[in-house]
Structure formats: C-alpha cells, structure tokens
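Peer 1: Submitted below is the structure of interest, expressed as structure tokens.
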Amino acid sequence: MDNMLLFSASLAPAPDDSLAMAIGETIKTVSNMSSSEIWQLLLDTFTKWGLKILAALLIYIIGAWLIRKIRRMLKALLTKRKVEASLSTFLVSLTNISLTVLLFVVVVTIMGVPASTFAALLAAGGLAIGMALSGTLQNFAGGVMILLFKPFKVGDYIETSGYSGTVDAINITTTQIHTVDNKIVFLPNGTVANSNIQNYSATELRRVDWNITISYGDDAGKAIDLIKTYLKEDSRVLDAPAPPFAAISELGSSAVVITARAWTTNGAYWDLFYDMNRKIYEKLPAEGLHFPYPQLDVFIKNR
C-alpha cells in the first residue's frame with residue numbers, strides 16, 4: 001500500500017520538477033512494486049476509467065436519442081402551427097446544435113474534465129472562431145433579422161443587391177433566389193439585410209403603367225378615350241383601388257406623351273402589360289394616330 005501511495009504521489013504534478021524527472025520517478029516506483037500490486041493498480045485504474053467511459057457512452061446514447069426525439073417533436077409542432085418554412089428550419093437547426101453542444105459538455109465532464117476548464121477553452125475557441133468568421137457571423141445575424149422582421153418570405157419575387165428573382169430558400173447565412181432566366185443566386189444575408197429590398201409579392205394588387213407617345217397634330221383626346229376603352233374591356237383590369245386612368249403627362253420635344261395606369265393582380269401583371277402594349281401598337285394606327293420617330297429640324301442659313 002505504501003508503494004501505491006508513493007506511485008500516486010509521483011504521478012502528481014510537481015511544479016519544480018521537469019517532465020523527464022517525473023517519468024523517471026514513476027518508473028522507479030513501479031519497479032519497486034510487486035506483481036500483485038501492479039495488477040491491483042491496473043485493475044483499479046481500469047475500473048475507475050472504465051466506469052467513467054461506460055457512463056459517458058451511456059449518457060451520450062441516451063442524450064442523442066432525446067435530441068432526435070426533441071427535434072422531431074419541435075418540427076411537428078412548428079408544422080402544426082403553420083410556422084413559415086424558413087423560420088421553422090432555422091429553429092430546428094439551432095435547437096439541434098445547442099442541445100448537441102450541451103450533451104458534449106456533459107459527456108466530457110463525466111470523463112473527468114472540469115466544466116470550468118472546458119468552458120474556458122470553449123470561450124477562447126469561440127472567440128478565435130468568431131474573429132476568423134466575422135463575415136459569416138454578420139451573415140448569420142442578417143439571417144436572424146430577415147427571419148424576425150420578414151421583409152420577404154419563400155415564394156416572393158424580390159429585387160435586392162442588384163439581383164431580382166423568386167426566393168427559393170432563406171438559409172442561416174444566405175438567401176437563395178431563382179432569377180427569371182433560370183439562374184440560382186446565393187446572396188449573403190448580411191448584404192441583403194442592409195440593402196434596399198423591393199418585394200413585388202408583398203401585396204395582392206399592383207399598378208401597371210404605360211407611356212404612349214403620339215405625334216403632334218394627332219387627336220390626343222381620341223387616343224386617351226381609346227386607351228381607356230382598351231383597358232376597361234380587359235377582364236384583368238380592376239376598378240379598385242382606382243379605375244383605369246389615361247391623360248397627357250408630357251409635351252415632349254417630338255411627341256405628346258400619354259400616361260395610362262390600371263390596377264391588376266400580381267399574377268396578371270406582366271401578361272396585362274405585354275398584351276396591352278401589343279393592342280395599343282396594332283389598333284391606334286388604324287384609328288389615324290401615329291407613333292412619331294425622334295426628329296430634329298435643321299435650318300441652313302446661307303450668307
């Protein structure tokens with residue numbers, strides 16, 4: 001027993017001794033022990049660490065099972081409450097990561113690592129990672145702001161940061177949009193959150209505007225009445241929040257500009273815009289109205 005105490009004392013850290021001296025003392029102590037004492041020491045050590053490893057493994061298995069169950073329950077609850085898809089994914093992911101880190105801390109503590117030491121290492125590592133990934137953390141914060149304040153959601157057609165398209169997904173660090181020419185663009189959430197955002201899908205109704213030019217000398221009143229008639233005849237044009245409108249908006253250098261406006265639904269916006277352009281182009285000339293070309297009058301003075 002005295003030899004075992006001496007062996008334990010030799011394993012204790014000695015601030016004044018070097019590592020080589022500590023190893024030498026340990027070897028010397030073990031060499032003075034009998035075979036039965038060595039076997040007893042190995043058995044005690046194996047029993048002590050084996051039980052810790054077994055307990056840590058058991059806690060990890062149970063904890064991992066609970067985390068999976070909690071994740072499924074949370075996902076089902078958010079789906080039942082009809083929480084927006086991007087926010088639901090974010091919350092489930094954040095919960096899973098947080099519980100996994102907590103489980104890792106518990107397992108390491110059971111293995112014998114002091115929680116305070118592990119917390120200090122985790123904090124130092126988090127600080128270093130945070131400094132290295134400052135841009136990523138900014139994008140993470142931007143994603144949180146987007147999910148909280150919801151300037152747009154999945155399925156909306158938006159324009160931001162020089163790009164426009166339909167939002168496919170709002171991830172933790174990026175927003176994925178699908179452009180009209182079938183491109184997938186990933187925008188950093190930090191940039192999106194600090195940029196101007198035009199959400200064309202935020203409301204159910206949109207106003208369509210046209211600027212039509214006719215020649216000086218043409219009957220502007222007739223052109224206005226015809227344009228209003230074309231708009232009223234189209235079933236996609238709504239009477240509210242305002243009826244179709246047309247009026248002279250500008251007397252240009254070579255043409256009279258007539259501005260027309262009509263309200264329609266989001267889904268019919270572009271079809272109405274293009275169809276009305278074609279109708280005006282085809283029918284106004286048949287009514288004796290003309291679309292002028294830019295022209296410049298030049299006077300030559302002979303001396």
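Each chain in the structure tokens gets a letter, A, B, ..., in the order shown, and its residues are numbered from 1; ligands are numbered from 1 in order too.
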With only C-alpha atoms counted and 12 Å as the cut-off, give the residues of segment 231-268 of chain A in contact with segment 284-300 of chain A, each with its shortest interatomic distance in Å and the pair that gives it, as JSON lines.

Peer 2:
{"residue": "A:Gly252", "atom": "CA", "partner": "A:Pro294", "partner_atom": "CA", "distance": 10.0}
{"residue": "A:Ser253", "atom": "CA", "partner": "A:Pro294", "partner_atom": "CA", "distance": 8.3}
{"residue": "A:Ser254", "atom": "CA", "partner": "A:Pro294", "partner_atom": "CA", "distance": 5.9}
{"residue": "A:Ala255", "atom": "CA", "partner": "A:Pro292", "partner_atom": "CA", "distance": 6.3}
{"residue": "A:Val256", "atom": "CA", "partner": "A:Pro292", "partner_atom": "CA", "distance": 9.1}
{"residue": "A:Val257", "atom": "CA", "partner": "A:Phe291", "partner_atom": "CA", "distance": 10.2}
{"residue": "A:Ile258", "atom": "CA", "partner": "A:Phe291", "partner_atom": "CA", "distance": 11.5}

Peer 1: Using N, CA, C and O atoms, can you write the selected residues to a file as a short mmCIF file (atom, residue, chain, number, x, y, z; two decimals), in the first residue's frame?

Peer 2:
data_model
loop_
_atom_site.label_atom_id
_atom_site.label_comp_id
_atom_site.auth_asym_id
_atom_site.auth_seq_id
_atom_site.Cartn_x
_atom_site.Cartn_y
_atom_site.Cartn_z
N GLY A 252 -43.42 66.43 -75.10
CA GLY A 252 -42.01 66.22 -75.38
C GLY A 252 -41.51 67.03 -76.55
O GLY A 252 -42.26 67.76 -77.20
N SER A 253 -40.23 66.91 -76.83
CA SER A 253 -39.61 67.68 -77.91
C SER A 253 -40.12 67.24 -79.28
O SER A 253 -40.15 68.03 -80.22
N SER A 254 -40.55 65.97 -79.41
CA SER A 254 -41.00 65.48 -80.71
C SER A 254 -42.26 64.63 -80.62
O SER A 254 -42.65 64.00 -81.60
N ALA A 255 -42.90 64.59 -79.43
CA ALA A 255 -44.08 63.75 -79.28
C ALA A 255 -44.89 64.18 -78.07
O ALA A 255 -44.36 64.80 -77.14
N VAL A 256 -46.16 63.83 -78.09
CA VAL A 256 -47.04 64.02 -76.95
C VAL A 256 -47.08 62.70 -76.18
O VAL A 256 -47.35 61.64 -76.77
N VAL A 257 -46.81 62.74 -74.89
CA VAL A 257 -46.73 61.53 -74.07
C VAL A 257 -48.04 61.36 -73.30
O VAL A 257 -48.46 62.26 -72.56
N ILE A 258 -48.68 60.22 -73.47
CA ILE A 258 -49.89 59.88 -72.74
C ILE A 258 -49.55 58.77 -71.74
O ILE A 258 -49.01 57.72 -72.13
#

Peer 1: For Pro151 of chain A, list every protein, DNA or RNA residue within 10 Å, evaluated using only C-alpha atoms, and leave out those in the same chain fewer than 4 positions away; present the list as a PyMOL selection string.

Peer 2: chain A and resi 145-147+156+158+193+197-199+202

Peer 1: Write out, as a CSV table (one decimal), in the first residue's frame, the residues just selected, with N, CA, C and O atoms.

Peer 2:
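Output contents, as saved in again_29.csv:
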chain,number,residue,atom,x,y,z
A,145,MET,N,-32.2,38.6,-38.6
A,145,MET,CA,-33.0,39.8,-38.8
A,145,MET,C,-34.1,39.6,-39.9
A,145,MET,O,-35.3,40.0,-39.8
A,146,ILE,N,-33.7,38.9,-41.0
A,146,ILE,CA,-34.7,38.6,-42.1
A,146,ILE,C,-35.8,37.7,-41.6
A,146,ILE,O,-37.0,37.9,-41.8
A,147,LEU,N,-35.4,36.7,-40.8
A,147,LEU,CA,-36.4,35.8,-40.3
A,147,LEU,C,-37.4,36.4,-39.2
A,147,LEU,O,-38.5,36.1,-39.1
A,156,ASP,N,-41.7,34.7,-52.6
A,156,ASP,CA,-41.9,36.1,-53.0
A,156,ASP,C,-40.9,36.5,-54.1
A,156,ASP,O,-39.8,35.9,-54.2
A,158,ILE,N,-38.6,39.3,-55.4
A,158,ILE,CA,-37.9,40.5,-54.8
A,158,ILE,C,-36.8,41.0,-55.8
A,158,ILE,O,-36.3,40.3,-56.7
A,193,ALA,N,-29.8,42.1,-45.7
A,193,ALA,CA,-30.4,42.8,-44.6
A,193,ALA,C,-30.1,44.3,-44.6
A,193,ALA,O,-30.9,45.1,-44.0
A,197,ILE,N,-34.7,46.6,-50.4
A,197,ILE,CA,-35.4,45.4,-50.9
A,197,ILE,C,-36.8,45.8,-51.4
A,197,ILE,O,-37.5,46.5,-50.8
A,198,GLN,N,-37.0,45.4,-52.7
A,198,GLN,CA,-38.3,45.6,-53.3
A,198,GLN,C,-39.0,44.3,-53.4
A,198,GLN,O,-38.5,43.4,-54.1
A,199,ASN,N,-40.1,44.2,-52.7
A,199,ASN,CA,-40.8,43.0,-52.6
A,199,ASN,C,-42.1,43.1,-53.5
A,199,ASN,O,-43.0,43.8,-53.1
A,202,ALA,N,-45.5,41.4,-52.0
A,202,ALA,CA,-45.9,41.7,-50.6
A,202,ALA,C,-47.4,42.0,-50.6
A,202,ALA,O,-48.1,41.8,-49.6

Peer 1: Which parts of segment 146-261 of chain A does DSSP call strand (DSSP E or B) when run on the backbone here, written out as a VMD selection string?

Peer 2: chain A and resid 157 to 160 163 to 170 174 to 178 184 to 188 197 to 199 205 to 214 238 245 to 251 256 to 261

Peer 1: Neighbouring residues of Tyr60 of chain A were defined as those with any atom within 8 Å, considering only C-alpha atoms; residues of the same chain fewer than 6 positions away were excluded. Please report them as a ChimeraX atom specification.

Peer 2: /A:103-104,107

Peer 1: Next, write the just-selected residues to a file, as a PDB file, in the first residue's frame, keeping C-alpha atoms as the atom set.

Peer 2:
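For reference, again.pdb as written:
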ATOM      1  CA  LEU A 103     -24.564  16.982 -24.467  1.00  0.00           C
ATOM      2  CA  PHE A 104     -20.884  17.156 -25.426  1.00  0.00           C
ATOM      3  CA  VAL A 107     -20.074  13.815 -21.574  1.00  0.00           C
TER       4      VAL A 107
END

Peer 1: Using only C-alpha atoms, which residue out of A:Ala240, A:Ile62, A:Ile67, A:Leu226 lies closest to Asn96 of chain A?

Peer 2: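 For Asn96 of chain A, the nearest of the candidates is A:Ile67.
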
Peer 1: Taking only C-alpha atoms into account, which of A:Thr179, A:Ser201, A:Thr109, A:Asn139 comes nearest Lys153 of chain A?

Peer 2: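 Closest candidate: A:Ser201.
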